[in-house]
$ cat query-v4.cif   # mmCIF, C-alpha atoms and all ligand atoms
data_query
loop_
_atom_site.label_atom_id
_atom_site.label_comp_id
_atom_site.auth_asym_id
_atom_site.auth_seq_id
_atom_site.Cartn_x
_atom_site.Cartn_y
_atom_site.Cartn_z
CA MET A 1 196.53 278.67 137.94
CA ASN A 2 196.61 275.72 135.58
CA VAL A 3 200.15 276.57 134.51
CA TYR A 4 201.13 276.50 138.18
CA ASP A 5 199.32 273.19 138.77
CA GLY A 6 201.13 271.77 135.72
CA TRP A 7 204.52 272.77 137.15
CA ARG A 8 203.74 271.15 140.48
CA ILE A 9 202.61 267.94 138.79
CA ALA A 10 205.76 267.87 136.67
CA ALA A 11 207.93 268.55 139.77
CA MET A 12 206.16 265.74 141.65
CA LEU A 13 206.93 263.22 138.90
CA THR A 14 210.49 264.36 138.18
CA HIS A 15 211.09 264.06 141.94
CA ARG A 16 210.22 260.39 141.50
CA GLY A 17 212.84 260.00 138.77
CA MET A 18 210.66 260.54 135.71
CA VAL A 19 211.67 262.86 132.86
CA GLN A 20 209.49 265.04 130.67
CA THR A 21 208.88 264.37 126.99
CA GLN A 22 206.92 266.35 124.43
CA ASN A 23 206.27 263.20 122.43
CA VAL A 24 203.08 261.32 123.32
CA SER A 25 204.28 258.04 121.81
CA ASP A 26 207.38 258.05 124.09
CA ALA A 27 205.51 258.70 127.32
CA ASP A 28 204.78 256.20 130.08
CA ILE A 29 202.24 258.51 131.66
CA ILE A 30 200.19 261.22 129.95
CA ILE A 31 198.38 263.77 132.07
CA LEU A 32 195.96 266.27 130.65
CA ASN A 33 195.48 269.22 132.99
CA THR A 34 192.14 270.74 132.17
CA CYS A 35 189.94 273.86 132.34
CA ALA A 36 186.14 273.69 132.53
CA VAL A 37 185.32 277.38 132.47
CA ARG A 38 183.78 277.31 128.99
CA ALA A 39 182.19 274.38 127.13
CA LYS A 40 184.72 274.63 124.30
CA ALA A 41 187.61 273.91 126.67
CA THR A 42 185.84 270.80 127.98
CA ASP A 43 185.06 269.55 124.47
CA LYS A 44 188.70 269.97 123.47
CA VAL A 45 189.75 267.73 126.35
CA PHE A 46 187.70 264.81 125.12
CA SER A 47 188.84 265.15 121.52
CA ALA A 48 192.46 265.35 122.75
CA LEU A 49 191.94 262.22 124.85
CA GLY A 50 190.75 260.40 121.73
CA ARG A 51 193.93 261.45 119.88
CA ILE A 52 196.20 260.52 122.80
CA ARG A 53 194.54 257.12 123.10
CA ARG A 54 195.46 256.30 119.51
CA ALA A 55 199.01 257.71 119.66
CA LYS A 56 200.22 256.41 123.02
CA LYS A 57 202.12 253.19 123.81
CA PRO A 58 199.63 250.46 124.79
CA SER A 59 201.18 250.24 128.27
CA ALA A 60 201.15 253.99 128.90
CA LEU A 61 198.85 255.34 131.59
CA PHE A 62 196.69 258.31 130.65
CA GLY A 63 194.09 260.45 132.32
CA ILE A 64 192.81 263.89 133.24
CA VAL A 65 193.36 266.14 136.20
CA GLY A 66 191.78 269.50 137.03
CA CYS A 67 188.38 271.04 136.56
CA VAL A 68 187.09 268.87 133.69
CA ALA A 69 187.81 265.80 135.85
CA ARG A 70 185.65 267.31 138.55
CA GLU A 71 182.96 268.41 136.07
CA ALA A 72 182.76 265.12 134.16
CA GLY A 73 183.28 262.90 137.21
CA ALA A 74 182.79 259.19 136.62
CA THR A 75 181.17 259.83 133.22
CA ALA A 76 184.72 260.43 131.93
CA PHE A 77 185.33 256.65 132.28
CA ARG A 78 182.13 255.94 130.37
CA ARG A 79 183.19 258.23 127.52
CA ILE A 80 186.77 256.83 127.39
CA PRO A 81 186.71 253.38 129.07
CA ASP A 82 190.47 252.77 129.01
CA LEU A 83 191.22 256.03 130.86
CA ASN A 84 193.40 255.23 133.91
CA PHE A 85 192.78 258.22 136.18
CA VAL A 86 190.41 261.12 136.77
CA LEU A 87 191.61 263.53 139.49
CA GLY A 88 190.00 266.86 140.42
CA PRO A 89 191.89 270.14 140.91
CA GLN A 90 192.39 269.45 144.60
CA SER A 91 193.45 265.81 144.39
CA TYR A 92 196.17 265.74 141.74
CA HIS A 93 198.78 265.15 144.46
CA LYS A 94 197.35 261.59 144.58
CA LEU A 95 198.73 260.92 141.09
CA PRO A 96 201.64 258.70 142.31
CA GLU A 97 199.03 256.15 143.45
CA ILE A 98 198.35 255.23 139.82
CA ILE A 99 202.06 254.63 139.22
CA GLU A 100 202.19 252.31 142.23
CA ASN A 101 199.01 250.52 141.25
CA PRO A 102 198.65 250.84 137.46
CA ASP A 103 195.96 248.18 137.07
CA ALA A 104 193.40 249.97 139.25
CA LYS A 105 191.39 252.96 138.08
CA LEU A 106 192.18 256.06 140.14
CA PHE A 107 189.25 258.37 140.73
CA ASN A 108 189.09 261.29 143.16
CA ILE A 109 187.20 264.52 142.64
CA ASP A 110 186.91 265.46 146.32
CA LEU A 111 187.40 269.04 147.34
CA GLY A 112 190.35 268.37 149.65
CA GLY A 113 191.01 272.03 150.36
CA LEU A 114 194.64 272.97 150.83
CA GLU A 115 196.03 269.46 151.35
CA LYS A 116 197.73 269.36 147.93
CA PHE A 117 199.99 272.33 148.67
CA ASP A 118 201.66 270.66 151.62
CA SER A 119 202.00 267.22 150.09
CA LEU A 120 203.90 268.29 146.97
CA PRO A 121 207.68 268.66 146.73
CA GLN A 122 209.05 272.15 146.04
CA MET A 123 210.35 272.82 142.57
CA GLU A 124 214.15 272.71 142.46
CA ARG A 125 214.41 275.73 140.20
CA SER A 126 211.82 278.42 140.00
CA PRO A 127 210.88 280.00 136.69
CA ARG A 128 211.73 283.72 136.44
CA ILE A 129 208.05 284.50 136.99
CA ALA A 130 206.88 282.41 139.93
CA TYR A 131 203.18 281.87 140.44
CA ILE A 132 202.29 281.58 144.11
CA PRO A 133 198.73 280.40 144.74
CA ILE A 134 197.48 281.95 147.97
CA GLN A 135 193.90 280.80 147.76
CA GLU A 136 191.71 277.99 146.42
CA GLY A 137 188.10 278.16 145.34
CA CYS A 138 185.69 281.09 145.27
CA ASN A 139 182.68 282.22 147.31
CA HIS A 140 181.30 284.76 144.89
CA CYS A 141 178.99 282.47 142.98
CA CYS A 142 178.68 284.53 139.79
CA THR A 143 175.72 282.89 138.08
CA TYR A 144 177.68 281.98 134.92
CA CYS A 145 180.69 280.48 136.64
CA ILE A 146 181.49 276.81 137.25
CA VAL A 147 184.57 277.55 139.43
CA PRO A 148 182.77 277.39 142.82
CA TYR A 149 181.61 273.91 141.80
CA THR A 150 184.93 272.67 140.42
CA ARG A 151 187.29 274.30 142.93
CA GLY A 152 184.93 274.59 145.88
CA ARG A 153 184.53 277.22 148.57
CA GLU A 154 187.14 279.89 149.04
CA LEU A 155 190.08 279.03 151.31
CA SER A 156 193.08 281.26 151.96
CA ARG A 157 196.40 279.52 152.57
CA PRO A 158 198.30 280.33 155.77
CA PHE A 159 200.41 283.49 155.48
CA ASP A 160 203.57 281.60 156.52
CA ALA A 161 203.03 278.95 153.84
CA CYS A 162 202.60 281.64 151.16
CA MET A 163 205.77 283.41 152.31
CA ARG A 164 207.71 280.12 152.52
CA ASP A 165 206.84 279.38 148.88
CA THR A 166 207.67 282.97 147.87
CA ILE A 167 211.09 282.91 149.59
CA HIS A 168 211.84 279.49 148.09
CA ALA A 169 210.98 280.85 144.61
CA ALA A 170 213.20 283.91 145.20
CA LYS A 171 216.16 281.78 146.33
CA THR A 172 215.84 279.47 143.32
CA GLY A 173 215.60 281.97 140.46
CA ALA A 174 212.36 283.98 140.61
CA ILE A 175 212.51 287.70 139.85
CA GLU A 176 208.79 288.30 139.58
CA ILE A 177 206.10 286.98 141.93
CA CYS A 178 202.52 286.64 140.76
CA PHE A 179 200.08 285.83 143.56
CA LEU A 180 197.18 283.72 142.35
CA GLY A 181 193.61 283.25 143.46
CA GLN A 182 190.16 283.26 141.88
CA ASN A 183 189.39 286.16 144.18
CA VAL A 184 192.97 287.02 145.04
CA ASN A 185 192.36 290.44 146.58
CA GLY A 186 189.90 288.80 149.00
CA TYR A 187 192.85 286.86 150.54
CA LYS A 188 192.36 286.77 154.30
CA TYR A 189 194.08 284.47 156.75
CA THR A 190 193.61 284.52 160.53
CA ASP A 191 196.35 282.78 162.53
CA GLU A 192 195.93 280.99 165.88
CA ASN A 193 196.55 284.27 167.78
CA GLY A 194 193.81 286.04 165.89
CA ASN A 195 196.17 288.09 163.68
CA ILE A 196 194.64 288.81 160.31
CA TYR A 197 196.78 288.79 157.16
CA ARG A 198 195.68 290.26 153.84
CA LEU A 199 197.11 290.49 150.35
CA SER A 200 198.66 293.87 151.25
CA ASP A 201 200.68 292.11 154.00
CA LEU A 202 201.95 289.53 151.52
CA ILE A 203 202.97 292.28 149.08
CA ARG A 204 204.76 294.30 151.78
CA GLU A 205 206.73 291.26 152.99
CA THR A 206 207.58 290.12 149.46
CA ALA A 207 208.82 293.58 148.48
CA LYS A 208 211.51 293.21 151.17
CA ILE A 209 213.08 290.21 149.39
CA PRO A 210 216.07 291.60 147.44
CA GLU A 211 215.87 289.04 144.58
CA ILE A 212 212.25 289.96 143.83
CA MET A 213 211.98 292.99 141.56
CA ARG A 214 208.37 292.76 140.37
CA ILE A 215 205.13 291.77 142.11
CA ARG A 216 201.64 291.36 140.70
CA PHE A 217 198.47 289.43 141.46
CA THR A 218 195.48 288.02 139.60
CA SER A 219 192.51 287.96 139.44
CA SER A 220 190.76 290.64 141.45
CA TYR A 221 187.13 291.05 142.38
CA PRO A 222 186.11 294.74 142.26
CA THR A 223 184.54 295.10 145.70
CA GLU A 224 187.50 293.41 147.44
CA MET A 225 189.82 296.22 146.30
CA THR A 226 190.26 297.64 149.79
CA ASP A 227 192.13 300.86 150.64
CA ASP A 228 195.10 299.01 152.22
CA LEU A 229 195.63 297.24 148.90
CA ILE A 230 195.13 300.37 146.78
CA ASP A 231 197.73 302.05 149.00
CA MET A 232 200.29 299.38 148.04
CA PHE A 233 200.32 300.84 144.52
CA ARG A 234 201.47 304.12 146.08
CA THR A 235 204.03 302.78 148.54
CA GLU A 236 205.55 299.68 146.88
CA PRO A 237 207.41 300.48 143.66
CA LYS A 238 207.96 296.75 143.06
CA LEU A 239 204.20 296.28 142.63
CA LEU A 240 203.68 296.56 138.87
CA PRO A 241 201.40 299.36 137.61
CA PHE A 242 199.06 296.83 136.04
CA LEU A 243 195.88 295.27 137.37
CA ASN A 244 193.39 292.76 135.99
CA MET A 245 190.02 293.65 137.53
CA PRO A 246 187.23 292.05 135.49
CA ILE A 247 184.06 294.09 135.07
CA GLN A 248 182.35 291.39 132.86
CA SER A 249 179.57 293.75 131.66
CA GLY A 250 178.81 297.47 131.60
CA ALA A 251 175.03 297.01 132.07
CA PRO A 252 173.74 297.26 135.67
CA GLU A 253 170.85 294.89 134.93
CA ILE A 254 173.19 292.20 133.57
CA LEU A 255 175.63 292.62 136.47
CA LYS A 256 172.72 292.07 138.85
CA ARG A 257 171.74 288.85 137.12
CA MET A 258 175.38 287.76 136.98
CA ASN A 259 175.29 288.12 140.78
CA ARG A 260 178.06 290.69 140.64
CA PRO A 261 176.41 293.26 142.86
CA TYR A 262 178.60 296.34 142.31
CA SER A 263 177.48 299.56 140.71
CA LEU A 264 179.40 301.12 137.83
CA GLU A 265 179.93 304.18 140.06
CA LEU A 266 181.67 302.07 142.69
CA TYR A 267 183.77 300.30 140.06
CA CYS A 268 184.85 303.62 138.49
CA ASP A 269 185.55 305.09 141.95
CA ILE A 270 187.97 302.25 142.67
CA ILE A 271 189.74 302.87 139.37
CA ASN A 272 190.01 306.58 140.17
CA LYS A 273 191.54 305.80 143.55
CA LEU A 274 194.01 303.43 141.89
CA ARG A 275 194.98 306.13 139.39
CA ILE A 276 195.55 308.63 142.16
CA ALA A 277 197.71 306.10 144.02
CA ARG A 278 199.67 305.21 140.86
CA PRO A 279 199.18 307.64 137.97
CA ASP A 280 200.66 305.28 135.34
CA ILE A 281 198.50 302.27 136.32
CA GLN A 282 196.81 300.36 133.49
CA ILE A 283 193.77 298.16 133.94
CA SER A 284 192.71 295.03 132.11
CA SER A 285 189.35 293.29 132.27
CA ASP A 286 187.47 290.15 131.35
CA PHE A 287 184.17 290.53 129.49
CA ILE A 288 181.31 288.15 128.81
CA VAL A 289 179.00 289.03 125.90
CA GLY A 290 175.64 287.42 125.22
CA PHE A 291 174.73 286.66 128.83
CA PRO A 292 171.06 285.49 128.99
CA GLY A 293 168.72 288.43 128.39
CA GLU A 294 171.49 290.84 127.22
CA THR A 295 169.85 293.45 124.97
CA ASP A 296 171.50 295.59 122.30
CA SER A 297 171.40 298.49 124.70
CA ASP A 298 173.02 296.41 127.50
CA PHE A 299 175.79 295.51 125.08
CA GLU A 300 176.22 299.17 124.07
CA GLN A 301 176.85 299.96 127.74
CA THR A 302 179.64 297.36 127.79
CA MET A 303 181.23 299.00 124.73
CA LYS A 304 180.89 302.38 126.42
CA ILE A 305 182.59 301.34 129.66
CA ALA A 306 185.43 299.66 127.73
CA GLN A 307 186.10 302.95 125.93
CA GLN A 308 185.72 304.99 129.08
CA ILE A 309 188.12 302.96 131.24
CA LYS A 310 190.50 302.30 128.31
CA TYR A 311 191.32 298.77 129.34
CA ILE A 312 194.50 297.29 127.94
CA ASN A 313 195.13 293.55 127.45
CA SER A 314 191.56 292.41 128.01
CA TYR A 315 189.97 289.00 127.56
CA SER A 316 186.48 288.73 126.09
CA PHE A 317 184.29 285.67 125.76
CA LYS A 318 180.93 284.59 124.40
CA TYR A 319 178.73 283.44 127.26
CA SER A 320 178.91 279.64 127.53
CA PRO A 321 176.21 277.84 129.56
CA ARG A 322 177.87 275.60 132.16
CA PRO A 323 176.47 272.75 134.25
CA HIS A 324 175.82 273.48 137.95
CA THR A 325 175.32 277.20 137.26
CA ALA A 326 172.19 279.34 137.66
CA ALA A 327 172.56 281.23 134.37
CA ALA A 328 172.47 278.02 132.30
CA ILE A 329 168.77 277.65 133.07
CA MET A 330 167.82 281.33 132.78
CA PRO A 331 165.30 282.23 130.07
CA ASN A 332 166.24 284.35 127.03
CA GLN A 333 169.49 282.60 126.13
CA ILE A 334 171.12 284.58 123.31
CA GLN A 335 171.56 283.12 119.83
CA GLU A 336 175.05 282.10 118.81
CA ASN A 337 175.22 284.49 115.83
CA ILE A 338 174.35 287.49 118.00
CA LYS A 339 176.97 286.49 120.55
CA ALA A 340 179.52 286.21 117.74
CA GLN A 341 178.61 289.67 116.34
CA ARG A 342 178.89 291.28 119.75
CA LEU A 343 182.19 289.59 120.50
CA ALA A 344 183.64 290.78 117.18
CA ALA A 345 182.52 294.36 117.86
CA LEU A 346 183.93 294.35 121.39
CA ASP A 347 187.20 292.77 120.28
CA ASN A 348 187.60 295.46 117.62
CA CYS A 349 187.12 298.14 120.20
CA LEU A 350 189.50 296.51 122.73
CA ASN A 351 192.16 295.98 120.05
CA GLU A 352 192.01 299.62 119.05
CA ILE A 353 192.45 300.75 122.66
CA GLN A 354 195.36 298.37 123.05
CA ARG A 355 197.03 299.59 119.87
CA ASP A 356 196.65 303.21 120.99
CA PHE A 357 198.21 302.37 124.33
CA ASN A 358 201.04 300.42 122.69
CA GLU A 359 201.72 303.36 120.36
CA SER A 360 201.77 305.75 123.30
CA CYS A 361 204.72 303.74 124.66
CA VAL A 362 206.97 304.52 121.67
CA ASP A 363 210.06 306.57 122.68
CA LYS A 364 209.52 305.70 126.34
CA THR A 365 212.02 303.64 128.31
CA LEU A 366 210.50 300.74 130.23
CA GLU A 367 212.10 298.29 132.62
CA CYS A 368 211.29 294.84 131.23
CA LEU A 369 211.70 291.24 132.36
CA LEU A 370 213.26 288.66 130.05
CA GLU A 371 210.91 285.87 129.01
CA GLY A 372 213.19 284.04 126.57
CA PRO A 373 214.03 283.71 122.87
CA ASP A 374 211.25 283.78 120.27
CA LYS A 375 210.59 280.84 117.93
CA THR A 376 213.11 281.99 115.33
CA GLY A 377 215.88 282.40 117.92
CA ASN A 378 216.71 285.78 116.31
CA HIS A 379 214.91 287.82 118.96
CA LEU A 380 214.37 287.96 122.68
CA ILE A 381 210.97 288.50 124.22
CA TYR A 382 210.67 290.76 127.26
CA ARG A 383 207.60 291.73 129.33
CA THR A 384 206.97 295.37 130.11
CA PRO A 385 205.57 296.48 133.50
CA PHE A 386 202.15 296.43 131.76
CA MET A 387 202.72 292.83 130.60
CA GLN A 388 203.05 293.83 126.93
CA GLN A 389 205.37 291.71 124.84
CA CYS A 390 208.49 293.62 123.80
CA ILE A 391 210.75 292.16 121.12
CA VAL A 392 214.45 293.03 120.92
CA ALA A 393 217.37 291.71 118.83
CA HIS A 394 218.90 288.53 120.23
CA ARG A 395 222.17 288.78 122.08
CA GLU A 396 224.22 286.62 124.43
CA ASN A 397 224.06 287.31 128.17
CA ALA A 398 221.10 289.64 127.84
CA PRO A 399 220.11 291.09 131.23
CA GLU A 400 217.13 289.44 132.95
CA LEU A 401 215.81 292.86 133.83
CA ALA A 402 216.59 295.45 131.15
CA LYS A 403 215.85 299.08 130.46
CA ILE A 404 214.41 299.08 126.96
CA LYS A 405 213.77 302.07 124.74
CA ILE A 406 210.58 301.36 122.79
CA THR A 407 211.05 302.01 119.07
CA ALA A 408 207.84 300.70 117.45
CA ALA A 409 204.43 299.30 118.35
CA ASN A 410 201.48 297.47 116.89
CA LYS A 411 198.32 295.91 118.35
CA ALA A 412 200.03 292.81 119.71
CA SER A 413 203.53 293.86 120.72
CA LEU A 414 206.29 296.43 121.05
CA ARG A 415 209.78 296.54 119.61
CA GLY A 416 212.72 298.08 121.38
CA LYS A 417 216.44 298.39 122.06
CA ILE A 418 218.19 297.49 125.28
CA ILE A 419 219.88 300.53 126.81
CA ASP A 420 223.25 299.58 128.28
N1 LIG B 501 187.81 284.29 139.18
C1 LIG B 501 188.36 284.22 137.89
C2 LIG B 501 187.48 283.39 137.05
C3 LIG B 501 188.23 282.55 136.15
S1 LIG B 501 187.40 282.37 134.70
C4 LIG B 501 188.43 285.59 137.30
O1 LIG B 501 187.80 286.50 137.86
O2 LIG B 501 189.14 285.79 136.32
C5 LIG B 501 188.10 283.68 133.74
C6 LIG B 501 187.07 284.44 132.98
O3 LIG B 501 186.30 283.54 132.19
C7 LIG B 501 186.02 285.16 133.82
O4 LIG B 501 186.47 286.37 134.32
C8 LIG B 501 184.89 285.32 132.84
O5 LIG B 501 185.03 286.49 132.06
C9 LIG B 501 185.05 284.13 131.91
N2 LIG B 501 183.98 283.13 132.15
C10 LIG B 501 183.70 282.47 133.29
N3 LIG B 501 182.63 281.68 133.11
C11 LIG B 501 182.21 281.86 131.83
C12 LIG B 501 181.14 281.33 131.04
N4 LIG B 501 180.25 280.49 131.55
N5 LIG B 501 181.03 281.75 129.75
C13 LIG B 501 181.91 282.62 129.22
N6 LIG B 501 182.93 283.14 129.91
C14 LIG B 501 183.08 282.79 131.21
#

$ encode --input "query-v4.cif" --output "structure tokens" --more "lines below"
Ligand code: SAH
Amino acid sequence: MNVYDGWRIAAMLTHRGMVQTQNVSDADIIILNTCAVRAKATDKVFSALGRIRRAKKPSALFGIVGCVAREAGATAFRRIPDLNFVLGPQSYHKLPEIIENPDAKLFNIDLGGLEKFDSLPQMERSPRIAYIPIQEGCNHCCTYCIVPYTRGRELSRPFDACMRDTIHAAKTGAIEICFLGQNVNGYKYTDENGNIYRLSDLIRETAKIPEIMRIRFTSSYPTEMTDDLIDMFRTEPKLLPFLNMPIQSGAPEILKRMNRPYSLELYCDIINKLRIARPDIQISSDFIVGFPGETDSDFEQTMKIAQQIKYINSYSFKYSPRPHTAAAIMPNQIQENIKAQRLAALDNCLNEIQRDFNESCVDKTLECLLEGPDKTGNHLIYRTPFMQQCIVAHRENAPELAKIKITAANKASLRGKIID
């Protein structure tokens, strides 16, 4: 979502005649787009601001947009007094105001809902993978999560607006569409005639666009995985056989205190239905270890479910207490060294599963999407339908979508040969 926000911000400024530079000391305006989900991300923002402050031209404007702006609020100006702007995740479209009035401080952390989407210019060229946000905010209120505070209550964008953005992306270069939302499978829009649109409707419509060859969405909340959506994996071949559906923990007691009120039986039932609908589907998850009160036996249950479901491509984090959240003031916070031990054990287990899956792909032929050259320029990086990285020898005019025979695999990536 932040990558998408960054693109829109860049498009907004290039539309006004500005050009991008990677060099801080050249820039006239420096915008840090920020994530507040864990404390470490927030801390990094303030140390980066200190570095930028020293490296930038004296006349250059600098500031933060996104969730840290909303989290820190006006205290950001106290920490870095010469900061020029602090704009929350739903007010970054107001950024041009600072260019028009550079001597004033610009501060807005309001939750303006969907206003930003309609007040930003479209990008002239879409990246090959186009992110289409279809929703802002989240209503789930998981007790560890700052997102409902930083991005506000859940709002689904109008169906027509989502399709307009999708068609625009397709006509300007997109091959893959990734629908975005904190609770993306809970997308629900009711138009003025009372017609209800869901994520399955967006997928069905998007699959009809000839330029679009691959569709996916992230991130999903388990209990919003309704049958109409599961059915899409059966009926729409363009929907990739890959789904991120975070379980967070394998211990029922922890899930209850996380305010994620699903049972493991229900979660596993959904996965079974998905596998019936699409036998080759692979699932990825997010995990939090060291949530307040997590015992050794709770953690063992997380390890067990990871092995049982055989998640590929998962993300795992040490629990990080966040302001404005219920879990931050729960008793029995877990010591840092225990969190670190549990994270290392879980990561080991997840890496092994991923390596096994990667190895099982050897000798198969997968249709992959071109991402671009690697750093050396000697190779091209492709993405498989399961979002693994696949490296092939560089060549001119390589197809954007290629059938690749997988020749080798390790934990992090695959190697292959394009089949002509
Ligand atoms: N709705 C999004 C949430 C974005 S945050 C989603 O479901 O993916 C991405 C991940 O960060 C979450 O799934 C969770 O695993 C992790 N996370 C969120 N808050 C956290 C916290 N306080 N400490 C550690 N990890 C956290």

$ residues_near_ligand --input "query-v4.cif" --ligand "ligand LIG 501 (chain B)" --cutoff "6 Å" --atoms "only C-alpha atoms and all ligand atoms" --output "list of chain:residue names"
A:Val37, A:Arg38, A:Tyr144, A:Cys145, A:Gln182, A:Asn183, A:Ser219, A:Pro246, A:Gln248, A:Asp286, A:Phe287, A:Ile288, A:Phe317, A:Lys318, A:Tyr319, A:Ser320, A:Pro321, A:Arg322

$ axis_aligned_box --input "query-v4.cif" --around "stretch 217-231 of chain A" --padding-each-side "3 Å" --output "AutoDock Vina command-line options"
--center_x 191.5 --center_y 295.0 --center_z 145.8 --size_x 19.9 --size_y 20.1 --size_z 18.8

$ residues_around --input "query-v4.cif" --residues "A:Phe85" --least-positions-apart "2" --cutoff "12 Å" --atoms "all atoms listed in the file" --output "MDAnalysis selection string"
chainID A and resid 29:33 60:66 69:70 73:74 76:77 80:83 87:88 91:92 94:99 101:109

$ closest_residue --input "query-v4.cif" --among "A:Ala393, A:Val289, A:Ile406, A:Ile215" --to "A:Gln333" --atoms "all atoms listed in the file"
A:Val289

$ atom_distance --input "query-v4.cif" --atom1 "atom CA of A:Cys390" --atom2 "atom CA of A:Gly377"
14.7 Å

$ closest_residue --input "query-v4.cif" --among "A:Asn139, A:Ser413, A:Asn313, A:Asn185" --to "A:Asp228" --atoms "only C-alpha atoms"
A:Asn185

$ closest_atom_pairs --input "query-v4.cif" --of "stretch 342-409 of chain A" --to "stretch 302-305 of chain A" --cutoff "9 Å" --atoms "all atoms listed in the file" --output "JSON lines"
{"residue": "A:Ala345", "atom": "CA", "partner": "A:Met303", "partner_atom": "CA", "distance": 8.4}
{"residue": "A:Leu346", "atom": "CA", "partner": "A:Met303", "partner_atom": "CA", "distance": 6.3}
{"residue": "A:Cys349", "atom": "CA", "partner": "A:Met303", "partner_atom": "CA", "distance": 7.5}
{"residue": "A:Leu350", "atom": "CA", "partner": "A:Met303", "partner_atom": "CA", "distance": 8.9}

$ write_last_selection --input "query-v4.cif" --atoms "C-alpha atoms" --output "short mmCIF file (atom, residue, chain, number, x, y, z; two decimals), keeping the file's coordinate frame"
data_model
loop_
_atom_site.label_atom_id
_atom_site.label_comp_id
_atom_site.auth_asym_id
_atom_site.auth_seq_id
_atom_site.Cartn_x
_atom_site.Cartn_y
_atom_site.Cartn_z
CA ALA A 345 182.52 294.36 117.86
CA LEU A 346 183.93 294.35 121.39
CA CYS A 349 187.12 298.14 120.20
CA LEU A 350 189.50 296.51 122.73
#

$ closest_residue --input "query-v4.cif" --among "A:Asp110, A:Glu205, A:Asp363, A:Glu124" --to "A:Arg8" --atoms "all atoms listed in the file"
A:Glu124

$ closest_residue --input "query-v4.cif" --among "A:Asp296, A:Asp269, A:Glu336, A:Asp160" --to "A:Met225" --atoms "all atoms listed in the file"
A:Asp269

$ residues_around --input "query-v4.cif" --residues "A:Ile391" --least-positions-apart "5" --cutoff "7 Å" --atoms "all atoms listed in the file" --output "MDAnalysis selection string"
chainID A and resid 379:382 414:416

$ write_last_selection --input "query-v4.cif" --atoms "C-alpha atoms" --output "mmCIF file, keeping the file's coordinate frame"
data_model
loop_
_atom_site.group_PDB
_atom_site.id
_atom_site.type_symbol
_atom_site.label_atom_id
_atom_site.label_comp_id
_atom_site.auth_asym_id
_atom_site.auth_seq_id
_atom_site.Cartn_x
_atom_site.Cartn_y
_atom_site.Cartn_z
ATOM 1 C CA HIS A 379 214.910 287.820 118.960
ATOM 2 C CA LEU A 380 214.370 287.960 122.680
ATOM 3 C CA ILE A 381 210.970 288.500 124.220
ATOM 4 C CA TYR A 382 210.670 290.760 127.260
ATOM 5 C CA LEU A 414 206.290 296.430 121.050
ATOM 6 C CA ARG A 415 209.780 296.540 119.610
ATOM 7 C CA GLY A 416 212.720 298.080 121.380
#

$ residues_near_point --input "query-v4.cif" --point "(207.5, 279.5, 147.9)" --cutoff "10 Å" --atoms "all atoms listed in the file" --output "PyMOL selection string"
chain A and resi 122-123+126+130-133+160-172+174+177

$ atom_distance --input "query-v4.cif" --atom1 "atom CA of A:Gly17" --atom2 "atom CA of A:Ser119"
17.3 Å

$ decode --input "query-v4.cif" --residues "stretch 358-368 of chain A" --atoms "N, CA and C atoms" --output "short mmCIF file (atom, residue, chain, number, x, y, z; two decimals), in the first residue's frame"
data_model
loop_
_atom_site.label_atom_id
_atom_site.label_comp_id
_atom_site.auth_asym_id
_atom_site.auth_seq_id
_atom_site.Cartn_x
_atom_site.Cartn_y
_atom_site.Cartn_z
N ASN A 358 10.15 -24.71 -2.98
CA ASN A 358 10.95 -24.26 -4.13
C ASN A 358 11.56 -25.47 -4.85
N GLU A 359 12.08 -26.43 -4.07
CA GLU A 359 12.70 -27.61 -4.70
C GLU A 359 11.67 -28.44 -5.46
N SER A 360 10.44 -28.46 -4.94
CA SER A 360 9.40 -29.24 -5.62
C SER A 360 9.04 -28.64 -6.98
N CYS A 361 9.47 -27.40 -7.22
CA CYS A 361 9.16 -26.75 -8.50
C CYS A 361 10.16 -27.12 -9.60
N VAL A 362 11.30 -27.71 -9.21
CA VAL A 362 12.33 -28.02 -10.21
C VAL A 362 11.76 -29.01 -11.24
N ASP A 363 12.07 -28.76 -12.49
CA ASP A 363 11.59 -29.54 -13.66
C ASP A 363 10.18 -29.17 -14.09
N LYS A 364 9.50 -28.33 -13.30
CA LYS A 364 8.17 -27.90 -13.74
C LYS A 364 8.32 -26.70 -14.68
N THR A 365 7.28 -26.44 -15.45
CA THR A 365 7.26 -25.25 -16.30
C THR A 365 6.21 -24.31 -15.75
N LEU A 366 6.63 -23.09 -15.43
CA LEU A 366 5.72 -22.11 -14.83
C LEU A 366 5.63 -20.88 -15.71
N GLU A 367 4.43 -20.31 -15.78
CA GLU A 367 4.29 -19.06 -16.54
C GLU A 367 4.63 -17.90 -15.60
N CYS A 368 5.64 -17.11 -15.98
CA CYS A 368 6.17 -16.10 -15.06
C CYS A 368 6.12 -14.70 -15.68
#
